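Reviewing the structure listed below.
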Amino acid sequence: MKQELSDKLKTDFPGLYGELGCGFECLDGWFDILYKLSGALIKAAEEHHITIGLDDENSGLYARQVKEKFGTLCYYTSYSWEETDDLIHEAESQSAHVCEKCGRTGTLVCENHWYMVRCLKCLQEIRATPQNN
Ligand SMILES: [Zn+2]
């Protein structure tokens with residue numbers, strides 16, 4: 001993900017992404033999904049009086065890993081309960097219909113043995129690019 005977008009998520013939701021060692025391992029198209037999910041997770045944590053970020057008892061809510069896996073979004077947190085599970089599941093399901101590259105409506109496809117969610121335009125660009133093998 002572009003530095004600028006990654007910085008925006010880290011700045012707007014500081015505690016949530018303070019422990020995210022590897023950063024956001026997905027492309028820019030999912031920024032809106034992540035932004036919306038971040039806000040919803042923080043709201044849910046606040047309602048349950050759960051600390052956002054790593055706390056002394058190691059019980060706070062923060063993102064451990066955010067990545068693309070088999071084409072769709074995978075979002076792992078330090079702590080979860082039914083509400084956060086639902087929110088994360090919704091965002092992960094949504095990612096199957098949003099082009100990971102540009103954020104337009106996309107579909108999950110298998111291209112050159114890789115699963116990915118792409119819109120028609122981004123898929124055509126991949127197909128127009130010569131492969132090494
Ligand atoms: Zn696209």
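The way I read the labels, and the way they are meant: chains A, B, ... in the order of the structure tokens, residue 1 as the first residue of every chain, and ligand 1 as the first ligand shown, with later ones counted on from there.
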
Next on the checklist: Give me, as a ChimeraX atom specification, all polymer residues having an atom no more than 10 Å from Tyr35 in chain A, counting only C-alpha atoms and skipping those fewer than 3 positions away in the same chain.
Outcome noted: /A:5,8-9,12-13,30-32,38-40

Item to check | Nearby polymer residues, ligand 1, at most 7 Å, only C-alpha atoms and all ligand atoms, as number ranges by chain | outcome: A: 99-104, 106, 118-122

Take the residues from that selection and write them out as a PDB file, in the first residue's frame, keeping N, CA and C atoms.
ATOM      1  N   CYS A  99     -11.846  -4.167  -6.316  1.00  0.00           N
ATOM      2  CA  CYS A  99     -10.530  -4.308  -6.952  1.00  0.00           C
ATOM      3  C   CYS A  99      -9.445  -3.870  -5.974  1.00  0.00           C
ATOM      4  N   GLU A 100      -8.514  -4.778  -5.666  1.00  0.00           N
ATOM      5  CA  GLU A 100      -7.464  -4.485  -4.690  1.00  0.00           C
ATOM      6  C   GLU A 100      -6.548  -3.368  -5.184  1.00  0.00           C
ATOM      7  N   LYS A 101      -6.480  -3.227  -6.502  1.00  0.00           N
ATOM      8  CA  LYS A 101      -5.560  -2.252  -7.064  1.00  0.00           C
ATOM      9  C   LYS A 101      -6.140  -0.836  -7.092  1.00  0.00           C
ATOM     10  N   CYS A 102      -7.398  -0.708  -7.559  1.00  0.00           N
ATOM     11  CA  CYS A 102      -7.931   0.645  -7.765  1.00  0.00           C
ATOM     12  C   CYS A 102      -9.204   0.962  -6.997  1.00  0.00           C
ATOM     13  N   GLY A 103      -9.825  -0.044  -6.377  1.00  0.00           N
ATOM     14  CA  GLY A 103     -11.010   0.230  -5.568  1.00  0.00           C
ATOM     15  C   GLY A 103     -12.334   0.199  -6.321  1.00  0.00           C
ATOM     16  N   ARG A 104     -12.288  -0.039  -7.633  1.00  0.00           N
ATOM     17  CA  ARG A 104     -13.546  -0.180  -8.374  1.00  0.00           C
ATOM     18  C   ARG A 104     -14.154  -1.558  -8.069  1.00  0.00           C
ATOM     19  N   GLY A 106     -14.917  -5.188  -8.387  1.00  0.00           N
ATOM     20  CA  GLY A 106     -14.090  -6.244  -8.973  1.00  0.00           C
ATOM     21  C   GLY A 106     -14.627  -7.629  -8.668  1.00  0.00           C
ATOM     22  N   ARG A 118      -9.860  -8.148  -8.964  1.00  0.00           N
ATOM     23  CA  ARG A 118      -9.543  -7.081  -9.899  1.00  0.00           C
ATOM     24  C   ARG A 118     -10.792  -6.651 -10.664  1.00  0.00           C
ATOM     25  N   CYS A 119     -10.830  -5.379 -11.046  1.00  0.00           N
ATOM     26  CA  CYS A 119     -11.881  -4.903 -11.936  1.00  0.00           C
ATOM     27  C   CYS A 119     -11.455  -5.302 -13.354  1.00  0.00           C
ATOM     28  N   LEU A 120     -12.333  -5.118 -14.297  1.00  0.00           N
ATOM     29  CA  LEU A 120     -12.043  -5.535 -15.663  1.00  0.00           C
ATOM     30  C   LEU A 120     -10.831  -4.796 -16.230  1.00  0.00           C
ATOM     31  N   LYS A 121     -10.742  -3.493 -15.927  1.00  0.00           N
ATOM     32  CA  LYS A 121      -9.659  -2.667 -16.456  1.00  0.00           C
ATOM     33  C   LYS A 121      -8.287  -3.139 -15.931  1.00  0.00           C
ATOM     34  N   CYS A 122      -8.197  -3.367 -14.644  1.00  0.00           N
ATOM     35  CA  CYS A 122      -6.930  -3.808 -14.057  1.00  0.00           C
ATOM     36  C   CYS A 122      -6.569  -5.219 -14.536  1.00  0.00           C
TER      37      CYS A 122
END

Next on the checklist: Can you tell me which residues surround Ser95 in chain A at a distance of at most 8 Å, considering only C-alpha atoms, apart from same-chain residues fewer than 6 positions away, and format the answer as number ranges by chain?
Outcome noted: A: 30, 33, 72-73, 117

Emit the selected residues as a compact mmCIF listing (two decimals), in the first residue's frame, including C-alpha atoms.
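Dumped everything to again-v6.txt:
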# COMPACT_ATOMS: atom_id res chain seq x y z
CA TRP A 30 -8.87 -1.63 -0.19
CA ILE A 33 -12.66 -0.88 3.40
CA THR A 72 -9.11 -11.44 -0.32
CA LEU A 73 -8.43 -9.37 2.77
CA VAL A 117 -9.71 -9.33 -6.86

Checklist entry - What lies within 12 Å of Leu54 in chain A using only C-alpha atoms, ignoring chain neighbours under 5 positions off, as a list in words? => result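 Final neighbour list, sorted by chain and number: Pro14, Gly15, Leu16, Tyr17, Gly18, Glu19, Leu20, Ser59, Gly60, Leu61, Tyr62, Ala63, Arg64, Thr77, Ser78 and Tyr79 of chain A.
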
Convert the current residue selection to file output with N, CA and C atoms, as a short mmCIF file (atom, residue, chain, number, x, y, z; two decimals), in the first residue's frame.
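File out_2.cif, as written:
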data_model
loop_
_atom_site.label_atom_id
_atom_site.label_comp_id
_atom_site.auth_asym_id
_atom_site.auth_seq_id
_atom_site.Cartn_x
_atom_site.Cartn_y
_atom_site.Cartn_z
N PRO A 14 -4.21 5.67 15.55
CA PRO A 14 -2.85 5.40 16.02
C PRO A 14 -2.70 4.10 16.83
N GLY A 15 -3.52 3.90 17.85
CA GLY A 15 -3.36 2.71 18.69
C GLY A 15 -3.57 1.43 17.92
N LEU A 16 -4.52 1.46 17.03
CA LEU A 16 -4.91 0.26 16.29
C LEU A 16 -3.77 -0.29 15.44
N TYR A 17 -2.92 0.62 14.91
CA TYR A 17 -1.86 0.15 14.00
C TYR A 17 -0.45 0.35 14.54
N GLY A 18 -0.34 0.59 15.85
CA GLY A 18 0.97 0.80 16.46
C GLY A 18 1.86 -0.42 16.45
N GLU A 19 1.24 -1.61 16.40
CA GLU A 19 2.02 -2.85 16.49
C GLU A 19 2.09 -3.58 15.15
N LEU A 20 1.70 -2.88 14.10
CA LEU A 20 1.63 -3.54 12.80
C LEU A 20 3.02 -3.55 12.14
N SER A 59 -4.10 -6.73 26.90
CA SER A 59 -5.47 -7.07 26.55
C SER A 59 -6.11 -6.05 25.62
N GLY A 60 -5.32 -5.12 25.13
CA GLY A 60 -5.88 -4.10 24.25
C GLY A 60 -6.17 -4.63 22.86
N LEU A 61 -6.94 -3.84 22.12
CA LEU A 61 -7.28 -4.21 20.74
C LEU A 61 -6.36 -3.47 19.77
N TYR A 62 -5.65 -4.24 18.96
CA TYR A 62 -4.84 -3.65 17.90
C TYR A 62 -4.68 -4.67 16.77
N ALA A 63 -4.33 -4.17 15.60
CA ALA A 63 -4.18 -5.06 14.44
C ALA A 63 -2.82 -5.74 14.50
N ARG A 64 -2.81 -7.05 14.33
CA ARG A 64 -1.55 -7.80 14.29
C ARG A 64 -1.05 -7.95 12.87
N THR A 77 -6.49 -9.46 14.56
CA THR A 77 -6.35 -8.54 15.69
C THR A 77 -5.84 -9.28 16.93
N SER A 78 -5.42 -8.50 17.91
CA SER A 78 -4.87 -9.04 19.15
C SER A 78 -5.97 -9.65 20.01
N TYR A 79 -7.17 -9.20 19.79
CA TYR A 79 -8.26 -9.52 20.70
C TYR A 79 -9.53 -9.43 19.89
#

Checklist entry - What does the distance from CA of Gly23 in chain A to CA of Thr11 in chain A come to in Å, to one decimal? => result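 Going from CA of Gly23 in chain A over to CA of Thr11 in chain A covers 13.1 Å.
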
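The two atoms in question, CA of Asp7 in chain A and CA of Phe24 in chain A, are spaced 10.1 Å apart.
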
Checklist entry - DSSP on the backbone: what in chain A comes out alpha helix (DSSP H), as a VMD selection string? => result chain A and resid 3 to 12 31 to 47 82 to 95 120 to 128

Take the selection from the previous step and output its residues with C-alpha atoms, as a CSV table (one decimal), in the first residue's frame.
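For reference, out-v1.csv as written:
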chain,number,residue,atom,x,y,z
A,3,GLN,CA,3.0,5.2,2.0
A,4,GLU,CA,0.6,8.1,2.0
A,5,LEU,CA,-2.5,5.9,2.5
A,6,SER,CA,-0.7,3.7,5.1
A,7,ASP,CA,0.3,6.8,7.0
A,8,LYS,CA,-3.3,8.1,7.0
A,9,LEU,CA,-4.6,4.9,8.6
A,10,LYS,CA,-1.7,5.0,11.1
A,11,THR,CA,-2.3,8.7,11.9
A,12,ASP,CA,-6.1,8.5,12.1
A,31,PHE,CA,-8.1,1.6,1.6
A,32,ASP,CA,-11.8,2.6,2.0
A,33,ILE,CA,-12.7,-0.9,3.4
A,34,LEU,CA,-9.8,-0.6,5.9
A,35,TYR,CA,-10.7,2.9,6.9
A,36,LYS,CA,-14.3,2.1,7.5
A,37,LEU,CA,-13.4,-1.1,9.4
A,38,SER,CA,-10.8,0.8,11.6
A,39,GLY,CA,-13.5,3.3,12.6
A,40,ALA,CA,-16.0,0.6,13.4
A,41,LEU,CA,-13.5,-1.4,15.5
A,42,ILE,CA,-12.5,1.6,17.5
A,43,LYS,CA,-16.1,2.5,18.2
A,44,ALA,CA,-16.8,-1.1,19.2
A,45,ALA,CA,-13.8,-1.1,21.6
A,46,GLU,CA,-14.8,2.2,23.1
A,47,GLU,CA,-18.3,0.9,23.8
A,82,GLU,CA,-18.5,-11.4,18.5
A,83,GLU,CA,-18.9,-7.8,17.4
A,84,THR,CA,-15.4,-7.4,16.1
A,85,ASP,CA,-15.5,-10.8,14.4
A,86,ASP,CA,-18.7,-9.7,12.6
A,87,LEU,CA,-17.1,-6.4,11.5
A,88,ILE,CA,-13.9,-8.1,10.3
A,89,HIS,CA,-15.8,-10.8,8.5
A,90,GLU,CA,-18.0,-8.2,6.7
A,91,ALA,CA,-14.9,-6.3,5.6
A,92,GLU,CA,-13.2,-9.5,4.4
A,93,SER,CA,-16.3,-10.5,2.5
A,94,GLN,CA,-16.5,-7.0,1.0
A,95,SER,CA,-12.9,-7.2,-0.3
A,120,LEU,CA,-12.0,-5.5,-15.7
A,121,LYS,CA,-9.7,-2.7,-16.5
A,122,CYS,CA,-6.9,-3.8,-14.1
A,123,LEU,CA,-7.3,-7.4,-15.2
A,124,GLN,CA,-6.8,-6.3,-18.9
A,125,GLU,CA,-3.7,-4.5,-17.8
A,126,ILE,CA,-2.3,-7.7,-16.2
A,127,ARG,CA,-3.2,-9.7,-19.3
A,128,ALA,CA,-1.5,-7.1,-21.5

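The interatomic distance for the pair CA of Gly29 in chain A and CA of Met1 in chain A works out to 8.7 Å.
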
Cut-off 8 Å: closest range 74-113 of chain A/range 66-69 of chain A atom pairs per residue, using only C-alpha atoms, as CSV:
residue,atom,partner,partner_atom,distance
A:Cys74,CA,A:Lys67,CA,5.3
A:Tyr75,CA,A:Val66,CA,4.7
A:Tyr76,CA,A:Val66,CA,6.4

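Residues of chain A that DSSP places in strand (DSSP E or B), based on the backbone of this structure, are A:Phe24, A:Glu25, A:Ile52, A:Leu61, A:Ala63, A:Arg64, A:Gln65, A:Val66, A:Lys67, A:Glu68, A:Lys69, A:Thr72, A:Leu73, A:Cys74, A:Tyr75, A:Tyr76, A:Thr77, A:Val98, A:Thr105, A:Thr107, A:Leu108, A:Val109, A:Cys110, A:Glu111, A:Trp114, A:Tyr115, A:Met116, A:Val117, A:Arg118.
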